Amino acid sequence: MTLLNTCTDLNSLKKMLKFTALATLFSASFSVFAEPVEIKFSHVVAENTPKGQMALKFKELVEQRLPGEYQVNVFPNSQLFGDNNELSALLLNDVQFVAPSLSKFERYTKKLQIFDLPFLFKDMDAVNRFQQSESGQNLLNSMKRKGIVGLGYLHNGMKQFSASSPLVLPTDANGKKFRIMASDVLAAQFQAVDAIPVKKPFSEVFTLLQTRAIDGQENTWSNIYSKKFYEVQSHITESNHGVLDYMVVTSNTFWKSLPGDKRKVIKAALDEAVAYGNDIAAAKVDKDKQAIIDSNRSEITYLTPEQRAAWVSAMKPVWAQFEDKIGKDLIDAAVASNK
Ligand code: SIN
């Protein structure tokens with residue numbers, strides 16, 4: 001090797017080292033200034049609800065634990081997507097988290113119809129027991145083949161009927177139009193009392209009630225209060241006839257795209273946010289009900305045991321109509337959670 005050759009090699013080596021050092025510096029500073037990955041969480045309810053608060057808590061925890069890496073943007077009140085398109089948007093990865101009511105998954109699985117069967121659960125403790133049981137946990141995976149991953153249940157509460165006239169006995173509902181979520185079980189529930197079910201998105205309910213295009217609806221105290229349905233419904237019946245809870249879901253595609261360690265942090269943040277939302281749901285039952293009572297806008301009907309029994313015997317035959325699709329074993333497991 002000549003002296004000239006050695007000098008040239010040394011020079012190239014120096015140049016290479018300089019380039020590598022610059023490249024490392026550049027990539028380090030690039031990652032410092034890189035934009036965080038955006039995670040969109042869309043929902044249809046107000047912020048002062050169990051779901052609204054849970055989503056904000058999730059944002060807080062993820063951004064606290066993965067600072068600069070992930071940013072969670074929450075879109076409440078159907079601002080981004082509503083009932084008609086939130087699940088298809090999830091599958092297109094236009095949104096990464098949604099938490100629809102359990103009544104809104106019918107296109108993806110018939111199994112979750114169990115939660116709509118009228119008078120199935122005696123209270124929220126029974127609902128919780130069922131959701132946490134093996135059967136309930138298996139339901140989180142019931143839409144995996146369709147690309148939807150269930151990450152957990154979130155409570156809202158038991159549903160009440162409201163209308164522009166008193167609903168004391170099932171015959172009071174005859175011929176009346178009730179807005180329902182997009183669920184065939186809920187349609188059958190109102191048909192069982194000769195009422196007319198009308199499937200409409202949540203974002204349209206207030207206007208439909210205000211303009212008297214429909215006579216009534218069913219919802220939780222929290223939704224009736226936060227969406228001001230009580231201002232346009234003269235009567236509410238405390239029926240506790242069904243449950244309105246949620247499944248927090250993401251898409252298989254998004255979930256699998258996350259690095260394993262980040263997925264773990266995000267799941268833990270979600271579990272904590274859900275527990276926080278569940279505490280709010282429990283507190284809101286009495287708080288929002290009392291706020292409605294104090295407003296004097298709606299008269300509340302408290303059913304006697306005999307009046308309630310009349311609703312039960314009119315609506316319970318709906319179970320048999322859906323037993324084949326839901327599965328008798330699953331219904332039996334839900335009934336067992338009442339004990
Ligand atoms: C919700 O709580 O997410 C909406 C419920 C409804 O559509 O009535």
# chains A, B, ... in the order shown; residues from 1 in each chain; ligands from 1

call {"tool": "select_by_dssp", "arguments": {"residues": "region 76-149 of chain A", "states": "alpha helix (DSSP H)", "output": "MDAnalysis selection string"}}
result
chainID A and resid 86:91 124:132 134:138

call {"tool": "write_last_selection", "arguments": {"atoms": "C-alpha atoms", "output": "CSV table (one decimal), in the first residue's frame"}}
result
chain,number,residue,atom,x,y,z
A,86,GLU,CA,-68.6,5.7,14.0
A,87,LEU,CA,-68.0,1.9,13.6
A,88,SER,CA,-67.3,2.1,9.9
A,89,ALA,CA,-64.9,5.0,10.6
A,90,LEU,CA,-63.2,2.9,13.1
A,91,LEU,CA,-62.6,0.1,10.6
A,124,MET,CA,-76.2,-2.6,37.8
A,125,ASP,CA,-74.5,-5.0,40.2
A,126,ALA,CA,-75.9,-7.9,38.3
A,127,VAL,CA,-74.9,-6.2,35.0
A,128,ASN,CA,-71.4,-5.8,36.3
A,129,ARG,CA,-71.2,-9.4,37.5
A,130,PHE,CA,-72.3,-10.7,34.1
A,131,GLN,CA,-69.8,-8.4,32.2
A,132,GLN,CA,-66.9,-9.6,34.4
A,134,GLU,CA,-66.2,-15.6,31.7
A,135,SER,CA,-69.3,-15.3,29.4
A,136,GLY,CA,-69.2,-11.6,29.6
A,137,GLN,CA,-65.5,-11.3,29.0
A,138,ASN,CA,-65.8,-13.7,25.9

call {"tool": "residues_near_ligand", "arguments": {"ligand": "ligand 1", "cutoff": "6 Å", "atoms": "only C-alpha atoms and all ligand atoms", "output": "list in words"}}
result
Val44, Val45, Pro100, Ser101, Met181, Phe202 and Asn219 of chain A

call {"tool": "atom_distance", "arguments": {"atom1": "CA of Gly68 (chain A)", "atom2": "CA of Glu35 (chain A)"}}
result
7.4 Å

call {"tool": "select_by_dssp", "arguments": {"residues": "region 24-178 of chain A", "states": "strand (DSSP E)", "output": "PyMOL selection string"}}
result
chain A and resi 37-42+70-75+97-98+148-163+177-178

call {"tool": "write_last_selection", "arguments": {"atoms": "C-alpha atoms", "output": "compact mmCIF listing (two decimals), in the first residue's frame"}}
result
# COMPACT_ATOMS: atom_id res chain seq x y z
CA VAL A 37 -49.03 10.03 17.01
CA GLU A 38 -52.64 11.22 17.08
CA ILE A 39 -55.25 8.91 18.62
CA LYS A 40 -58.81 10.05 17.94
CA PHE A 41 -61.56 9.10 20.41
CA SER A 42 -65.03 9.92 19.13
CA TYR A 70 -49.09 9.99 21.65
CA GLN A 71 -51.75 12.67 21.67
CA VAL A 72 -55.38 11.71 22.33
CA ASN A 73 -57.97 14.03 20.80
CA VAL A 74 -61.50 13.53 22.10
CA PHE A 75 -64.51 14.50 19.96
CA PHE A 97 -61.37 4.53 19.75
CA VAL A 98 -65.14 4.63 20.06
CA ILE A 148 -63.24 -4.94 16.04
CA VAL A 149 -61.45 -5.48 19.36
CA GLY A 150 -63.43 -5.03 22.59
CA LEU A 151 -61.21 -3.57 25.30
CA GLY A 152 -63.67 -3.24 28.16
CA TYR A 153 -67.18 -2.41 29.34
CA LEU A 154 -68.15 0.99 30.63
CA HIS A 155 -71.32 1.62 32.62
CA ASN A 156 -73.92 4.27 32.09
CA GLY A 157 -76.89 2.80 33.91
CA MET A 158 -80.43 1.47 33.84
CA LYS A 159 -82.88 2.95 31.32
CA GLN A 160 -86.10 4.82 32.08
CA PHE A 161 -89.04 5.56 29.77
CA SER A 162 -90.01 9.13 28.99
CA ALA A 163 -92.95 10.48 27.00
CA LYS A 177 -93.86 6.52 18.71
CA PHE A 178 -90.66 5.85 20.65

call {"tool": "closest_atom_pairs", "arguments": {"of": "region 145-189 of chain A", "to": "region 306-312 of chain A", "cutoff": "12 Å", "atoms": "only C-alpha atoms", "output": "CSV"}}
result
residue,atom,partner,partner_atom,distance
A:Phe161,CA,A:Trp311,CA,11.4
A:Leu167,CA,A:Gln307,CA,10.1
A:Val168,CA,A:Gln307,CA,6.8
A:Leu169,CA,A:Gln307,CA,6.1
A:Pro170,CA,A:Trp311,CA,5.6
A:Thr171,CA,A:Trp311,CA,9.2
A:Asp172,CA,A:Trp311,CA,10.6
A:Ala173,CA,A:Trp311,CA,10.4
A:Gln189,CA,A:Trp311,CA,10.3

call {"tool": "write_last_selection", "arguments": {"atoms": "C-alpha atoms", "output": "mmCIF file, in the first residue's frame"}}
result
data_model
loop_
_atom_site.group_PDB
_atom_site.id
_atom_site.type_symbol
_atom_site.label_atom_id
_atom_site.label_comp_id
_atom_site.auth_asym_id
_atom_site.auth_seq_id
_atom_site.Cartn_x
_atom_site.Cartn_y
_atom_site.Cartn_z
ATOM 1 C CA PHE A 161 -89.036 5.558 29.769
ATOM 2 C CA LEU A 167 -96.669 5.865 31.177
ATOM 3 C CA VAL A 168 -98.036 3.907 34.101
ATOM 4 C CA LEU A 169 -99.260 0.726 32.433
ATOM 5 C CA PRO A 170 -98.110 -0.899 29.169
ATOM 6 C CA THR A 171 -101.388 0.125 27.508
ATOM 7 C CA ASP A 172 -100.310 3.779 27.958
ATOM 8 C CA ALA A 173 -97.663 3.156 25.302
ATOM 9 C CA GLN A 189 -89.642 -4.511 23.109
#

call {"tool": "atom_distance", "arguments": {"atom1": "CA of Pro305 (chain A)", "atom2": "CA of Trp319 (chain A)"}}
result
21.1 Å

call {"tool": "closest_residue", "arguments": {"among": "A:Phe81, A:Tyr230, A:Phe190, A:Tyr246", "to": "Ala99 (chain A)", "atoms": "only C-alpha atoms"}}
result
A:Tyr246

call {"tool": "atom_distance", "arguments": {"atom1": "CA of Leu56 (chain A)", "atom2": "CA of Ile280 (chain A)"}}
result
12.7 Å

call {"tool": "closest_residue", "arguments": {"among": "A:Ala314, A:Gln113, A:Ser222, A:Asp324", "to": "Ala283 (chain A)", "atoms": "only C-alpha atoms"}}
result
A:Ser222

call {"tool": "residues_around", "arguments": {"residues": "Val205 (chain A)", "least_positions_apart": "6", "cutoff": "9 Å", "atoms": "only C-alpha atoms", "output": "list in words"}}
result
Arg179, Ile214, Gln217, Lys227 and Phe229 of chain A

call {"tool": "write_last_selection", "arguments": {"atoms": "all heavy atoms", "output": "CSV table (one decimal), in the first residue's frame"}}
result
chain,number,residue,atom,x,y,z
A,179,ARG,N,-88.5,6.7,20.1
A,179,ARG,CA,-87.2,6.6,19.5
A,179,ARG,C,-86.4,5.5,20.2
A,179,ARG,O,-86.4,5.4,21.4
A,179,ARG,CB,-86.4,8.0,19.6
A,179,ARG,CG,-85.0,7.9,19.1
A,179,ARG,CD,-84.0,7.5,20.1
A,179,ARG,NE,-82.6,7.2,19.6
A,179,ARG,CZ,-81.5,7.0,20.3
A,179,ARG,NH1,-81.6,6.9,21.6
A,179,ARG,NH2,-80.4,6.8,19.7
A,214,ILE,N,-91.8,12.5,17.5
A,214,ILE,CA,-92.0,11.2,18.3
A,214,ILE,C,-92.5,11.6,19.6
A,214,ILE,O,-92.4,12.7,20.1
A,214,ILE,CB,-90.6,10.4,18.4
A,214,ILE,CG1,-89.5,11.3,19.0
A,214,ILE,CG2,-90.2,9.8,17.1
A,214,ILE,CD1,-88.3,10.6,19.4
A,217,GLN,N,-89.1,8.2,24.4
A,217,GLN,CA,-87.8,7.5,24.2
A,217,GLN,C,-87.5,6.8,25.5
A,217,GLN,O,-88.2,6.8,26.5
A,217,GLN,CB,-86.8,8.5,23.8
A,217,GLN,CG,-86.5,9.6,24.9
A,217,GLN,CD,-85.4,9.3,25.9
A,217,GLN,OE1,-84.3,8.8,25.5
A,217,GLN,NE2,-85.6,9.4,27.2
A,227,LYS,N,-78.6,15.7,28.0
A,227,LYS,CA,-79.1,16.1,26.7
A,227,LYS,C,-80.4,16.9,26.8
A,227,LYS,O,-81.1,17.1,25.8
A,227,LYS,CB,-79.2,14.9,25.7
A,227,LYS,CG,-77.9,14.4,25.2
A,227,LYS,CD,-77.3,15.4,24.2
A,227,LYS,CE,-75.9,15.0,23.8
A,227,LYS,NZ,-75.2,16.0,23.0
A,229,PHE,N,-83.4,16.1,27.6
A,229,PHE,CA,-84.6,15.5,27.2
A,229,PHE,C,-85.8,15.8,28.2
A,229,PHE,O,-86.9,15.9,27.8
A,229,PHE,CB,-84.5,14.0,27.1
A,229,PHE,CG,-83.5,13.5,26.0
A,229,PHE,CD1,-83.0,12.2,26.1
A,229,PHE,CD2,-83.0,14.3,25.0
A,229,PHE,CE1,-82.1,11.7,25.2
A,229,PHE,CE2,-82.1,13.9,24.1
A,229,PHE,CZ,-81.6,12.6,24.2

call {"tool": "closest_residue", "arguments": {"among": "A:Thr304, A:Gln210, A:Ser295, A:Thr109", "to": "Tyr225 (chain A)", "atoms": "only C-alpha atoms"}}
result
A:Ser295

call {"tool": "residues_around", "arguments": {"residues": "Lys262 (chain A)", "least_positions_apart": "2", "cutoff": "10 Å", "atoms": "only C-alpha atoms", "output": "ChimeraX atom specification"}}
result
/A:62,65-66,69-70,258-260,264-268

call {"tool": "write_last_selection", "arguments": {"atoms": "all heavy atoms", "output": "compact mmCIF listing (two decimals), in the first residue's frame"}}
result
# COMPACT_ATOMS: atom_id res chain seq x y z
N VAL A 62 -52.87 8.86 29.07
CA VAL A 62 -51.98 8.47 27.97
C VAL A 62 -50.93 9.55 27.75
O VAL A 62 -49.73 9.28 27.61
CB VAL A 62 -52.79 8.22 26.66
CG1 VAL A 62 -51.85 8.06 25.46
CG2 VAL A 62 -53.65 6.98 26.80
N ARG A 65 -48.33 9.53 30.50
CA ARG A 65 -47.44 8.37 30.55
C ARG A 65 -46.60 8.17 29.29
O ARG A 65 -45.58 7.49 29.33
CB ARG A 65 -48.26 7.10 30.84
CG ARG A 65 -48.78 7.17 32.26
CD ARG A 65 -49.80 6.13 32.57
NE ARG A 65 -50.40 6.39 33.86
CZ ARG A 65 -51.34 5.66 34.41
NH1 ARG A 65 -51.77 4.58 33.79
NH2 ARG A 65 -51.83 5.98 35.58
N LEU A 66 -47.06 8.73 28.19
CA LEU A 66 -46.28 8.62 26.94
C LEU A 66 -46.10 10.03 26.37
O LEU A 66 -46.55 10.34 25.26
CB LEU A 66 -47.02 7.72 25.94
CG LEU A 66 -47.21 6.26 26.36
CD1 LEU A 66 -48.18 5.53 25.43
CD2 LEU A 66 -45.87 5.52 26.39
N GLU A 69 -45.22 11.31 22.70
CA GLU A 69 -45.31 10.17 21.78
C GLU A 69 -46.72 9.99 21.21
O GLU A 69 -46.90 9.64 20.06
CB GLU A 69 -44.88 8.89 22.48
CG GLU A 69 -43.41 8.86 22.84
CD GLU A 69 -43.04 7.53 23.43
OE1 GLU A 69 -42.93 6.55 22.69
OE2 GLU A 69 -42.88 7.46 24.67
N TYR A 70 -47.70 10.16 22.09
CA TYR A 70 -49.09 9.99 21.65
C TYR A 70 -49.92 11.17 22.13
O TYR A 70 -49.73 11.66 23.25
CB TYR A 70 -49.70 8.68 22.21
CG TYR A 70 -49.07 7.46 21.59
CD1 TYR A 70 -47.92 6.90 22.15
CD2 TYR A 70 -49.60 6.90 20.44
CE1 TYR A 70 -47.31 5.80 21.56
CE2 TYR A 70 -48.99 5.80 19.85
CZ TYR A 70 -47.85 5.26 20.41
OH TYR A 70 -47.25 4.18 19.82
N LEU A 258 -49.63 -0.96 17.09
CA LEU A 258 -48.92 -0.34 18.22
C LEU A 258 -47.76 -1.22 18.68
O LEU A 258 -47.92 -2.44 18.79
CB LEU A 258 -49.88 -0.16 19.41
CG LEU A 258 -50.99 0.87 19.27
CD1 LEU A 258 -51.96 0.75 20.45
CD2 LEU A 258 -50.44 2.28 19.18
N PRO A 259 -46.60 -0.63 19.01
CA PRO A 259 -45.53 -1.44 19.61
C PRO A 259 -46.04 -2.04 20.93
O PRO A 259 -46.79 -1.36 21.67
CB PRO A 259 -44.42 -0.42 19.87
CG PRO A 259 -44.77 0.78 19.03
CD PRO A 259 -46.25 0.78 18.84
N GLY A 260 -45.65 -3.29 21.22
CA GLY A 260 -46.18 -4.00 22.38
C GLY A 260 -46.13 -3.23 23.69
O GLY A 260 -47.11 -3.20 24.45
N LYS A 264 -49.40 -1.81 25.93
CA LYS A 264 -49.60 -2.15 27.34
C LYS A 264 -49.93 -0.90 28.17
O LYS A 264 -50.86 -0.90 28.98
CB LYS A 264 -48.31 -2.78 27.88
CG LYS A 264 -48.52 -4.09 28.55
CD LYS A 264 -47.21 -4.75 28.79
CE LYS A 264 -47.22 -5.46 30.11
NZ LYS A 264 -45.94 -6.08 30.38
N VAL A 265 -49.19 0.16 27.91
CA VAL A 265 -49.41 1.42 28.65
C VAL A 265 -50.80 1.98 28.31
O VAL A 265 -51.55 2.42 29.20
CB VAL A 265 -48.30 2.46 28.30
CG1 VAL A 265 -48.57 3.79 28.98
CG2 VAL A 265 -46.94 1.92 28.68
N ILE A 266 -51.15 1.93 27.03
CA ILE A 266 -52.44 2.48 26.59
C ILE A 266 -53.59 1.67 27.18
O ILE A 266 -54.59 2.22 27.65
CB ILE A 266 -52.50 2.55 25.04
CG1 ILE A 266 -51.50 3.63 24.58
CG2 ILE A 266 -53.90 2.85 24.53
CD1 ILE A 266 -51.27 3.71 23.09
N LYS A 267 -53.43 0.34 27.24
CA LYS A 267 -54.50 -0.52 27.80
C LYS A 267 -54.65 -0.24 29.30
O LYS A 267 -55.78 -0.17 29.81
CB LYS A 267 -54.18 -2.00 27.52
CG LYS A 267 -55.15 -3.00 28.15
CD LYS A 267 -56.53 -2.93 27.51
CE LYS A 267 -57.43 -4.10 27.87
NZ LYS A 267 -57.87 -4.16 29.25
N ALA A 268 -53.53 -0.08 29.99
CA ALA A 268 -53.60 0.18 31.43
C ALA A 268 -54.29 1.54 31.68
O ALA A 268 -55.11 1.68 32.59
CB ALA A 268 -52.21 0.16 32.04

call {"tool": "residues_around", "arguments": {"residues": "Asp279 (chain A)", "least_positions_apart": "5", "cutoff": "12 Å", "atoms": "only C-alpha atoms", "output": "VMD selection string"}}
result
chain A and resid 49 to 51 53 to 54 154 to 157 272 to 274 284 to 285

call {"tool": "write_last_selection", "arguments": {"atoms": "N, CA and C atoms", "output": "PDB file, in the first residue's frame"}}
result
ATOM      1  N   THR A  49     -70.788  13.367  31.209  1.00  0.00           N
ATOM      2  CA  THR A  49     -71.409  12.041  31.322  1.00  0.00           C
ATOM      3  C   THR A  49     -70.305  11.038  31.663  1.00  0.00           C
ATOM      4  N   PRO A  50     -70.657   9.824  32.072  1.00  0.00           N
ATOM      5  CA  PRO A  50     -69.621   8.827  32.371  1.00  0.00           C
ATOM      6  C   PRO A  50     -68.679   8.606  31.180  1.00  0.00           C
ATOM      7  N   LYS A  51     -69.255   8.518  29.964  1.00  0.00           N
ATOM      8  CA  LYS A  51     -68.402   8.266  28.797  1.00  0.00           C
ATOM      9  C   LYS A  51     -67.548   9.487  28.472  1.00  0.00           C
ATOM     10  N   GLN A  53     -66.465  11.790  30.506  1.00  0.00           N
ATOM     11  CA  GLN A  53     -65.406  11.938  31.517  1.00  0.00           C
ATOM     12  C   GLN A  53     -64.353  10.848  31.378  1.00  0.00           C
ATOM     13  N   MET A  54     -64.798   9.643  31.051  1.00  0.00           N
ATOM     14  CA  MET A  54     -63.849   8.534  30.871  1.00  0.00           C
ATOM     15  C   MET A  54     -62.888   8.859  29.731  1.00  0.00           C
ATOM     16  N   LEU A 154     -67.993  -0.221  29.820  1.00  0.00           N
ATOM     17  CA  LEU A 154     -68.153   0.995  30.631  1.00  0.00           C
ATOM     18  C   LEU A 154     -69.629   1.134  30.973  1.00  0.00           C
ATOM     19  N   HIS A 155     -69.918   1.471  32.238  1.00  0.00           N
ATOM     20  CA  HIS A 155     -71.324   1.618  32.623  1.00  0.00           C
ATOM     21  C   HIS A 155     -71.865   3.005  32.282  1.00  0.00           C
ATOM     22  N   ASN A 156     -73.168   3.018  31.996  1.00  0.00           N
ATOM     23  CA  ASN A 156     -73.922   4.271  32.088  1.00  0.00           C
ATOM     24  C   ASN A 156     -74.989   4.037  33.142  1.00  0.00           C
ATOM     25  N   GLY A 157     -75.916   3.092  32.861  1.00  0.00           N
ATOM     26  CA  GLY A 157     -76.894   2.795  33.911  1.00  0.00           C
ATOM     27  C   GLY A 157     -78.149   2.150  33.361  1.00  0.00           C
ATOM     28  N   GLU A 272     -57.868   2.164  33.733  1.00  0.00           N
ATOM     29  CA  GLU A 272     -58.031   3.140  34.829  1.00  0.00           C
ATOM     30  C   GLU A 272     -59.122   4.158  34.508  1.00  0.00           C
ATOM     31  N   ALA A 273     -59.128   4.601  33.242  1.00  0.00           N
ATOM     32  CA  ALA A 273     -60.139   5.587  32.829  1.00  0.00           C
ATOM     33  C   ALA A 273     -61.544   4.986  32.934  1.00  0.00           C
ATOM     34  N   VAL A 274     -61.680   3.704  32.587  1.00  0.00           N
ATOM     35  CA  VAL A 274     -62.983   3.028  32.664  1.00  0.00           C
ATOM     36  C   VAL A 274     -63.443   2.935  34.132  1.00  0.00           C
ATOM     37  N   LYS A 284     -73.870   9.370  39.258  1.00  0.00           N
ATOM     38  CA  LYS A 284     -74.784  10.183  38.445  1.00  0.00           C
ATOM     39  C   LYS A 284     -76.236   9.722  38.493  1.00  0.00           C
ATOM     40  N   VAL A 285     -76.444   8.445  38.809  1.00  0.00           N
ATOM     41  CA  VAL A 285     -77.825   7.949  38.832  1.00  0.00           C
ATOM     42  C   VAL A 285     -78.662   8.840  39.753  1.00  0.00           C
TER      43      VAL A 285
END

call {"tool": "residues_around", "arguments": {"residues": "Glu106 (chain A)", "least_positions_apart": "6", "cutoff": "12 Å", "atoms": "only C-alpha atoms", "output": "PyMOL selection string"}}
result
chain A and resi 87+100+112-116+142-143+181-186+325-326

call {"tool": "closest_residue", "arguments": {"among": "A:Asp83, A:Lys110, A:Lys104, A:Pro67", "to": "Phe322 (chain A)", "atoms": "only C-alpha atoms"}}
result
A:Lys110

call {"tool": "residues_around", "arguments": {"residues": "Val335 (chain A)", "least_positions_apart": "3", "cutoff": "8 Å", "atoms": "only C-alpha atoms", "output": "NGL selection string"}}
result
:A and (120-121 or 331-332 or 338-339)

call {"tool": "decode", "arguments": {"residues": "region 123-134 of chain A", "atoms": "N, CA, C and O atoms", "output": "mmCIF file, in the first residue's frame"}}
result
data_model
loop_
_atom_site.group_PDB
_atom_site.id
_atom_site.type_symbol
_atom_site.label_atom_id
_atom_site.label_comp_id
_atom_site.auth_asym_id
_atom_site.auth_seq_id
_atom_site.Cartn_x
_atom_site.Cartn_y
_atom_site.Cartn_z
ATOM 1 N N ASP A 123 -80.315 -5.154 38.478
ATOM 2 C CA ASP A 123 -79.671 -3.874 38.797
ATOM 3 C C ASP A 123 -78.276 -3.826 38.190
ATOM 4 O O ASP A 123 -77.850 -4.777 37.526
ATOM 5 N N MET A 124 -77.564 -2.731 38.441
ATOM 6 C CA MET A 124 -76.238 -2.575 37.817
ATOM 7 C C MET A 124 -75.199 -3.527 38.398
ATOM 8 O O MET A 124 -74.223 -3.862 37.732
ATOM 9 N N ASP A 125 -75.406 -3.974 39.639
ATOM 10 C CA ASP A 125 -74.463 -4.955 40.197
ATOM 11 C C ASP A 125 -74.533 -6.258 39.400
ATOM 12 O O ASP A 125 -73.511 -6.891 39.130
ATOM 13 N N ALA A 126 -75.764 -6.631 39.039
ATOM 14 C CA ALA A 126 -75.941 -7.861 38.253
ATOM 15 C C ALA A 126 -75.321 -7.691 36.865
ATOM 16 O O ALA A 126 -74.663 -8.606 36.353
ATOM 17 N N VAL A 127 -75.509 -6.511 36.269
ATOM 18 C CA VAL A 127 -74.905 -6.237 34.952
ATOM 19 C C VAL A 127 -73.392 -6.389 35.061
ATOM 20 O O VAL A 127 -72.746 -7.045 34.239
ATOM 21 N N ASN A 128 -72.825 -5.799 36.103
ATOM 22 C CA ASN A 128 -71.374 -5.839 36.297
ATOM 23 C C ASN A 128 -70.876 -7.272 36.500
ATOM 24 O O ASN A 128 -69.860 -7.667 35.918
ATOM 25 N N ARG A 129 -71.617 -8.029 37.305
ATOM 26 C CA ARG A 129 -71.213 -9.425 37.548
ATOM 27 C C ARG A 129 -71.167 -10.200 36.226
ATOM 28 O O ARG A 129 -70.236 -10.944 35.958
ATOM 29 N N PHE A 130 -72.205 -9.989 35.405
ATOM 30 C CA PHE A 130 -72.252 -10.702 34.123
ATOM 31 C C PHE A 130 -71.109 -10.257 33.205
ATOM 32 O O PHE A 130 -70.423 -11.086 32.600
ATOM 33 N N GLN A 131 -70.885 -8.937 33.127
ATOM 34 C CA GLN A 131 -69.818 -8.448 32.233
ATOM 35 C C GLN A 131 -68.443 -8.986 32.646
ATOM 36 O O GLN A 131 -67.599 -9.272 31.813
ATOM 37 N N GLN A 132 -68.239 -9.129 33.958
ATOM 38 C CA GLN A 132 -66.928 -9.593 34.434
ATOM 39 C C GLN A 132 -66.806 -11.121 34.453
ATOM 40 O O GLN A 132 -65.718 -11.643 34.668
ATOM 41 N N SER A 133 -67.920 -11.820 34.234
ATOM 42 C CA SER A 133 -67.875 -13.295 34.217
ATOM 43 C C SER A 133 -67.178 -13.772 32.944
ATOM 44 O O SER A 133 -66.942 -12.987 32.017
ATOM 45 N N GLU A 134 -66.893 -15.066 32.890
ATOM 46 C CA GLU A 134 -66.229 -15.617 31.696
ATOM 47 C C GLU A 134 -67.073 -15.365 30.434
ATOM 48 O O GLU A 134 -66.549 -14.940 29.405
#
